[in-house]
>>> print(open('protein-v5.cif').read())   # mmCIF, C-alpha atoms
data_protein
loop_
_atom_site.label_atom_id
_atom_site.label_comp_id
_atom_site.auth_asym_id
_atom_site.auth_seq_id
_atom_site.Cartn_x
_atom_site.Cartn_y
_atom_site.Cartn_z
CA TYR A 18 6.10 2.17 7.80
CA LYS A 19 3.55 3.83 5.56
CA ASP A 20 0.16 2.63 4.43
CA PRO A 21 0.08 2.17 0.63
CA ASP A 22 -3.62 3.02 0.71
CA GLU A 23 -2.82 6.43 2.19
CA PHE A 24 0.14 7.21 -0.09
CA GLY A 25 -0.07 6.81 -3.83
CA GLY A 26 -2.00 8.28 -6.73
CA TYR A 27 0.93 10.09 -8.33
CA THR A 28 -0.12 12.23 -11.30
CA GLY A 29 2.90 14.52 -11.74
CA GLU A 30 0.68 17.08 -13.41
CA ILE A 31 2.55 20.07 -11.98
CA GLU A 32 5.90 20.55 -13.68
CA GLN A 33 7.98 21.27 -10.61
CA VAL A 34 10.68 19.76 -8.47
CA VAL A 35 9.99 19.65 -4.72
CA ASN A 36 11.72 18.88 -1.47
CA PHE A 37 10.50 18.70 2.14
CA THR A 38 13.16 19.82 4.65
CA GLN A 39 12.93 22.23 7.57
CA SER A 40 15.44 24.97 8.41
CA VAL A 41 17.45 24.34 5.25
CA VAL A 42 19.62 27.45 5.32
CA GLN A 43 20.36 27.24 9.05
CA ARG A 44 21.36 23.58 8.68
CA LYS A 45 22.69 23.97 5.12
CA ARG A 46 25.80 21.89 5.65
CA HIS A 47 23.71 19.01 7.00
CA THR A 48 20.90 19.30 4.42
CA HIS A 49 23.17 19.73 1.39
CA TYR A 50 21.59 23.06 0.58
CA ALA A 51 24.41 24.16 -1.75
CA GLU A 52 23.96 21.05 -3.90
CA MET A 53 20.16 21.37 -3.87
CA GLN A 54 20.44 25.02 -4.86
CA GLU A 55 22.81 24.14 -7.70
CA ILE A 56 20.43 21.46 -9.00
CA MET A 57 17.24 23.55 -8.63
CA GLN A 58 18.64 26.84 -9.97
CA GLY A 59 16.37 28.29 -12.64
CA LEU A 60 13.92 25.38 -12.50
CA PRO A 61 10.35 25.46 -11.20
CA ALA A 62 11.13 24.35 -7.65
CA LYS A 63 9.94 24.60 -4.04
CA ILE A 64 11.38 23.52 -0.72
CA TYR A 65 8.61 22.97 1.83
CA GLY A 66 9.04 23.00 5.59
CA THR A 67 9.19 25.21 8.65
CA ASP A 68 11.72 27.99 9.06
CA ASN A 69 12.55 28.32 5.36
CA GLU A 70 11.42 31.92 4.81
CA ASN A 71 14.99 32.95 3.94
CA LEU A 72 14.86 30.74 0.83
CA LYS A 73 12.90 33.50 -0.93
CA ASN A 74 11.45 32.09 -4.20
CA LEU A 75 12.28 28.50 -3.22
CA ASP A 76 10.28 28.70 0.01
CA GLY A 77 7.09 26.68 -0.30
CA GLY A 78 6.10 27.31 3.31
CA GLN A 79 4.89 24.88 5.92
CA LYS A 80 2.07 22.63 4.72
CA SER A 81 -0.45 20.45 6.48
CA TYR A 82 -0.12 16.69 6.29
CA GLU A 83 -2.94 16.52 3.73
CA ASN A 84 -1.32 19.25 1.62
CA LEU A 85 2.02 17.40 1.80
CA LYS A 86 0.40 14.28 0.32
CA GLN A 87 -1.26 16.34 -2.41
CA ILE A 88 2.02 18.08 -3.33
CA LEU A 89 3.78 14.71 -3.58
CA LYS A 90 1.02 13.38 -5.85
CA GLU A 91 0.90 16.36 -8.19
CA SER A 92 4.55 17.49 -8.45
CA ARG A 93 6.69 15.95 -11.17
CA VAL A 94 10.00 15.28 -9.33
CA TYR A 95 11.28 14.97 -5.76
CA LEU A 96 14.87 16.10 -5.07
CA TYR A 97 16.28 14.31 -2.04
CA GLY A 98 19.29 15.81 -0.29
CA GLY A 99 19.36 13.75 2.86
CA THR A 100 19.91 15.04 6.38
CA TRP A 101 22.95 14.23 8.50
CA PRO A 102 22.98 11.80 10.32
CA ALA A 103 19.81 10.06 9.11
CA PRO A 104 20.28 7.03 6.80
CA TYR A 105 17.06 8.25 5.14
CA THR A 106 14.11 10.36 6.29
CA LEU A 107 10.36 10.07 6.51
CA SER A 108 10.04 12.45 3.56
CA PHE A 109 12.00 9.95 1.44
CA ILE A 110 9.66 7.12 2.47
CA GLU A 111 6.56 9.24 1.79
CA ALA A 112 7.84 10.36 -1.61
CA MET A 113 8.76 6.84 -2.69
CA MET A 114 5.46 5.42 -1.41
CA THR A 115 3.57 8.09 -3.37
CA GLY A 116 5.33 7.18 -6.60
CA ILE A 117 6.91 10.56 -7.34
CA PRO A 118 10.28 9.89 -9.02
CA ILE A 119 13.20 10.73 -6.76
CA VAL A 120 16.52 12.27 -7.75
CA ALA A 121 18.87 11.82 -4.77
CA MET A 122 22.30 12.84 -3.60
CA GLY A 123 24.80 10.00 -3.45
CA ARG A 124 26.78 8.68 -0.51
CA LYS A 125 29.83 10.92 -1.02
CA ILE A 126 27.73 14.10 -0.84
CA ALA A 127 25.53 12.83 1.99
CA GLU A 128 28.44 11.79 4.16
CA SER A 129 30.61 14.82 3.32
CA THR A 130 29.48 16.68 6.44
CA SER A 131 30.26 13.80 8.76
CA THR A 132 33.18 13.85 11.12
CA ALA A 133 32.42 10.25 12.02
CA SER A 134 34.16 7.43 10.23
CA PHE A 135 31.14 5.28 9.54
CA GLU A 136 28.85 4.88 6.56
CA PHE A 137 25.29 5.84 7.42
CA TYR A 138 23.51 6.89 4.23
CA GLU A 139 21.36 4.06 2.84
CA ILE A 140 19.78 5.70 -0.23
CA PRO A 141 22.17 4.00 -2.72
CA TYR A 142 21.00 0.65 -1.29
CA LEU A 143 17.31 1.60 -1.47
CA MET A 144 17.34 2.95 -5.03
CA THR A 145 18.57 1.47 -8.29
CA ASN A 146 19.94 4.27 -10.45
CA GLN A 147 17.87 4.83 -13.62
CA VAL A 148 15.32 2.20 -12.51
CA THR A 149 13.69 3.37 -9.27
CA GLY A 150 15.06 6.91 -9.52
CA TYR A 151 18.40 8.63 -9.91
CA VAL A 152 21.19 8.71 -7.34
CA SER A 153 24.66 10.18 -7.84
CA ASP A 154 27.39 12.34 -6.36
CA ASP A 155 27.58 14.31 -9.61
CA THR A 156 25.29 17.34 -9.27
CA THR A 157 25.42 18.00 -13.02
CA TYR A 158 24.10 14.48 -13.63
CA LEU A 159 21.40 14.97 -11.00
CA ARG A 160 20.33 18.31 -12.52
CA GLU A 161 20.19 16.79 -16.01
CA ASN A 162 17.92 14.03 -14.73
CA VAL A 163 15.67 16.47 -12.86
CA LYS A 164 15.28 18.40 -16.12
CA PHE A 165 14.73 15.16 -18.06
CA LEU A 166 11.91 14.10 -15.72
CA LEU A 167 10.36 17.57 -15.78
CA GLU A 168 10.24 17.36 -19.58
CA ASN A 169 9.15 13.70 -19.80
CA PRO A 170 6.03 13.04 -17.72
CA GLN A 171 5.57 9.50 -19.08
CA ARG A 172 9.08 8.43 -18.06
CA ALA A 173 8.59 10.14 -14.68
CA LYS A 174 5.43 8.06 -14.16
CA GLU A 175 7.17 4.83 -15.19
CA ILE A 176 10.06 5.35 -12.78
CA GLY A 177 7.70 6.42 -10.01
CA ASP A 178 5.52 3.32 -10.48
CA ILE A 179 8.55 1.00 -10.22
CA ALA A 180 9.82 2.87 -7.16
CA ARG A 181 6.40 2.72 -5.47
CA LYS A 182 6.24 -1.07 -5.87
CA HIS A 183 9.72 -1.31 -4.38
CA ALA A 184 8.76 1.04 -1.51
CA ILE A 185 5.68 -1.04 -0.66
CA GLN A 186 7.92 -4.12 -0.37
CA ILE A 187 10.33 -2.29 1.95
CA PHE A 188 8.18 0.18 3.90
CA GLY A 189 4.63 -1.10 3.39
CA LYS A 190 2.42 -1.52 6.44
CA LYS A 191 1.83 -5.27 5.93
CA ASN A 192 5.53 -6.07 5.57
CA ILE A 193 6.56 -4.01 8.58
CA SER A 194 3.74 -5.53 10.66
CA ARG A 195 4.95 -9.01 9.72
CA GLN A 196 8.53 -8.09 10.65
CA TRP A 197 7.43 -6.83 14.08
CA LYS A 198 5.40 -9.98 14.69
CA GLU A 199 8.40 -12.12 13.82
CA TYR A 200 10.68 -10.06 16.01
CA LEU A 201 8.28 -10.14 18.97
CA GLN A 202 7.34 -13.76 18.18
CA ILE A 203 3.62 -13.05 18.34
#
>>> encode(input="protein-v5.cif", output="structure tokens")
Amino acid sequence: YKDPDEFGGYTGEIEQVVNFTQSVVQRKRHTHYAEMQEIMQGLPAKIYGTDNENLKNLDGGQKSYENLKQILKESRVYLYGGTWPAPYTLSFIEAMMTGIPIVAMGRKIAESTSTASFEFYEIPYLMTNQVTGYVSDDTTYLRENVKFLLENPQRAKEIGDIARKHAIQIFGKKNISRQWKEYLQI
């Protein structure tokens, strides 16, 4: 869960696309680095996280928890690549709870590194394309929407606001607390 009082306040004032993933190049196949690179190429972009020094200009470095929240608030767009084998990650929850619009890889890309024969990636179920963000297996489409959101701060804010409301319903502290109480029959 995440506390909606701790995450929120999206302004999108910095025209950049961001991502939070550690060791991207070393785990490139499992972080969809090639697709992220294709989408971010030539755009104002940073990938934050440990062990990303080899990203050169894309490397945003490791940030404190407070800095992470500030970056999510101020950056215009979040590019989500997913990480095998997670159905979604904490960075996705934090981005959505903040209200930064998310452009995400689709199921086909996310599960392309899997040798298992099961579906694990839940992002297409958590996002409604063109409503709470953008999700697709077409990297050209994803890049076009990243550029669109970079150039249209009002639309970025609108999508982020809708996504934040949805995230609070799914991941909000009160809802998760209620679910645990029901499960534990407290």
>>> closest_residue(input="protein-v5.cif", among="A:Ala180, A:Ile187, A:Ala121, A:Ile31", to="Ser92 (chain A)", atoms="all atoms listed in the file")
A:Ile31
>>> residues_around(input="protein-v5.cif", residues="region 107-109 of chain A", least_positions_apart="2", cutoff="9 Å", atoms="only C-alpha atoms", output="VMD selection string")
chain A and resid 36 to 38 95 97 99 105 111 to 114 119
>>> residues_near_point(input="protein-v5.cif", point="(7.0, 8.9, -12.3)", cutoff="8 Å", atoms="all atoms listed in the file", output="PyMOL selection string")
chain A and resi 27-29+93-94+116-118+166+170-178
>>> write_last_selection(input="protein-v5.cif", atoms="C-alpha atoms", output="compact mmCIF listing (two decimals), keeping the file's coordinate frame")
# COMPACT_ATOMS: atom_id res chain seq x y z
CA TYR A 27 0.93 10.09 -8.33
CA THR A 28 -0.12 12.23 -11.30
CA GLY A 29 2.90 14.52 -11.74
CA ARG A 93 6.69 15.95 -11.17
CA VAL A 94 10.00 15.28 -9.33
CA GLY A 116 5.33 7.18 -6.60
CA ILE A 117 6.91 10.56 -7.34
CA PRO A 118 10.28 9.89 -9.02
CA LEU A 166 11.91 14.10 -15.72
CA PRO A 170 6.03 13.04 -17.72
CA GLN A 171 5.57 9.50 -19.08
CA ARG A 172 9.08 8.43 -18.06
CA ALA A 173 8.59 10.14 -14.68
CA LYS A 174 5.43 8.06 -14.16
CA GLU A 175 7.17 4.83 -15.19
CA ILE A 176 10.06 5.35 -12.78
CA GLY A 177 7.70 6.42 -10.01
CA ASP A 178 5.52 3.32 -10.48
>>> resolve_selection(input="protein-v5.cif", expression="the PyMOL selection byres ((chain A and resi 45) around 12)", output="ChimeraX atom specification")
/A:38-44,46-54,69,71-72,98-101,127,130
>>> write_last_selection(input="protein-v5.cif", atoms="C-alpha atoms", output="JSON list (two decimals), keeping the file's coordinate frame")
[["chain", "number", "residue", "atom", "x", "y", "z"],
["A", 38, "THR", "CA", 13.16, 19.82, 4.65],
["A", 39, "GLN", "CA", 12.93, 22.23, 7.57],
["A", 40, "SER", "CA", 15.44, 24.97, 8.41],
["A", 41, "VAL", "CA", 17.45, 24.34, 5.25],
["A", 42, "VAL", "CA", 19.62, 27.45, 5.32],
["A", 43, "GLN", "CA", 20.36, 27.24, 9.05],
["A", 44, "ARG", "CA", 21.36, 23.58, 8.68],
["A", 46, "ARG", "CA", 25.80, 21.89, 5.65],
["A", 47, "HIS", "CA", 23.71, 19.01, 7.00],
["A", 48, "THR", "CA", 20.90, 19.30, 4.42],
["A", 49, "HIS", "CA", 23.17, 19.73, 1.39],
["A", 50, "TYR", "CA", 21.59, 23.06, 0.58],
["A", 51, "ALA", "CA", 24.41, 24.16, -1.75],
["A", 52, "GLU", "CA", 23.96, 21.05, -3.90],
["A", 53, "MET", "CA", 20.16, 21.37, -3.87],
["A", 54, "GLN", "CA", 20.44, 25.02, -4.86],
["A", 69, "ASN", "CA", 12.55, 28.32, 5.36],
["A", 71, "ASN", "CA", 14.99, 32.95, 3.94],
["A", 72, "LEU", "CA", 14.86, 30.74, 0.83],
["A", 98, "GLY", "CA", 19.29, 15.81, -0.29],
["A", 99, "GLY", "CA", 19.36, 13.75, 2.86],
["A", 100, "THR", "CA", 19.91, 15.04, 6.38],
["A", 101, "TRP", "CA", 22.95, 14.23, 8.50],
["A", 127, "ALA", "CA", 25.53, 12.83, 1.99],
["A", 130, "THR", "CA", 29.48, 16.68, 6.44]]
>>> resolve_selection(input="protein-v5.cif", expression="the PyMOL selection byres ((chain A and resi 60-65) around 7)", output="PyMOL selection string")
chain A and resi 33-38+57-59+66+75-79
>>> resolve_selection(input="protein-v5.cif", expression="the PyMOL selection byres ((chain A and resi 155-162) around 7)", output="number ranges by chain")
A: 52, 56, 120, 153-154, 163-166
>>> axis_aligned_box(input="protein-v5.cif", around="region 188-196 of chain A", padding_each_side="5 Å", output="AutoDock Vina command-line options")
--center_x 5.2 --center_y -4.4 --center_z 7.0 --size_x 16.7 --size_y 19.2 --size_z 17.3
>>> atom_distance(input="protein-v5.cif", atom1="CA of Gln147 (chain A)", atom2="CA of Arg124 (chain A)")
16.3 Å
>>> atom_distance(input="protein-v5.cif", atom1="CA of Val148 (chain A)", atom2="CA of Ile179 (chain A)")
7.2 Å
>>> atom_distance(input="protein-v5.cif", atom1="CA of Ile88 (chain A)", atom2="CA of Thr115 (chain A)")
10.1 Å
